[in-house]
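*Asks:* Below are the structure tokens for one structure; questions will follow.
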Amino acid sequence: MEPVIGTLPEPIRLGGERPIEALTVEHHEFIKAALDGTGTHAGRQYQVVRSTERVVAGVMFTFVINFEDDETQQLYKITAWSRPWMPDKDEALKLTFERHE
């Protein structure tokens with residue numbers, strides 16, 4: 001049987017960033033948790049404009065979003081640093097939320 005060429009995704013290199021092809025439930029949970037942490041954006045409907053992942057000590061996910069009810073279409077950046085092996089849940093997932101310039 002001949003091997004099929006070109007069927008495997010490009011491997012992630014340590015520190016290398018690549019786009020996320022399809023967002024998972026876990027990705028949306030990261031975004032919602034970051035929005036809940038802001039107090040003012042919790043529960044708002046959002047649209048993901050760009051998303052990437054980078055292998056570091058864990059995986060750093062970056063999501064650029066805007067809110068569906070915002071006529072200015074201001075962009076915001078959410079990062080989720082996932083280190084699921086960490087025993088402390090606050091260390092296992094670090095979230096940030098900021099305006100994207």
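We name chains A, B, ... following the order of the structure tokens; residues begin at 1 in each chain, and ligands are numbered from 1 as shown.
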Could you pull out all residues of range 8-86 of chain A with a DSSP call of helix (DSSP H, G or I) and give them as an mmCIF file with C-alpha atoms, in the first residue's frame?
*Replies:*
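Contents of the output file out36.cif:
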```
data_model
loop_
_atom_site.group_PDB
_atom_site.id
_atom_site.type_symbol
_atom_site.label_atom_id
_atom_site.label_comp_id
_atom_site.auth_asym_id
_atom_site.auth_seq_id
_atom_site.Cartn_x
_atom_site.Cartn_y
_atom_site.Cartn_z
ATOM 1 C CA VAL A 25 -15.859 23.934 22.241
ATOM 2 C CA GLU A 26 -12.755 24.337 24.430
ATOM 3 C CA HIS A 27 -11.685 27.446 22.463
ATOM 4 C CA HIS A 28 -15.114 29.033 22.978
ATOM 5 C CA GLU A 29 -14.948 28.156 26.676
ATOM 6 C CA PHE A 30 -11.623 30.038 26.899
ATOM 7 C CA ILE A 31 -13.164 33.086 25.192
ATOM 8 C CA LYS A 32 -16.287 33.041 27.371
ATOM 9 C CA ALA A 33 -14.210 32.673 30.546
ATOM 10 C CA ALA A 34 -12.092 35.683 29.538
ATOM 11 C CA LEU A 35 -15.239 37.732 28.806
ATOM 12 C CA ASP A 36 -16.811 36.662 32.112
ATOM 13 C CA GLY A 37 -13.681 37.865 33.876
ATOM 14 C CA THR A 38 -14.146 41.404 32.534
#
```
*Asks:* Using only C-alpha atoms, pick whichever of A:Phe97, A:Trp81, A:Tyr76, A:Phe67 has the shortest atom-to-atom distance to Val55 in chain A.
*Replies:*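 Closest candidate: A:Trp81.
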*Asks:* Could you please determine the separation between CA of His41 in chain A and CA of Ser82 in chain A in Å, to one decimal place?
*Replies:*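 Taking CA of His41 in chain A and CA of Ser82 in chain A, their separation equals 21.8 Å.
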*Asks:* Smallest atom-to-atom distance to Gly16 in chain A: which of A:Val56, A:Arg50, A:Gln45, A:Arg99, using only C-alpha atoms?
*Replies:*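 Selected residue with least distance to Gly16 in chain A: A:Val56.
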*Asks:* DSSP says strand (DSSP E) for which residues of range 31-94 of chain A? Put them as a ChimeraX atom specification?
*Replies:* /A:46-56,58-67,76-82,93-94
*Asks:* Env of range 71-74 of chain A: 12 Å cut, atoms = only C-alpha atoms, seq-sep filter 2 positions within chain, self excluded. Answer as a count of residues only.
*Replies:* 16
*Asks:* Using CA of Phe63 in chain A and CA of Ala80 in chain A as the two end points, give the distance in Å to one decimal.
*Replies:*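 Calculated distance between CA of Phe63 in chain A and CA of Ala80 in chain A is 8.4 Å.
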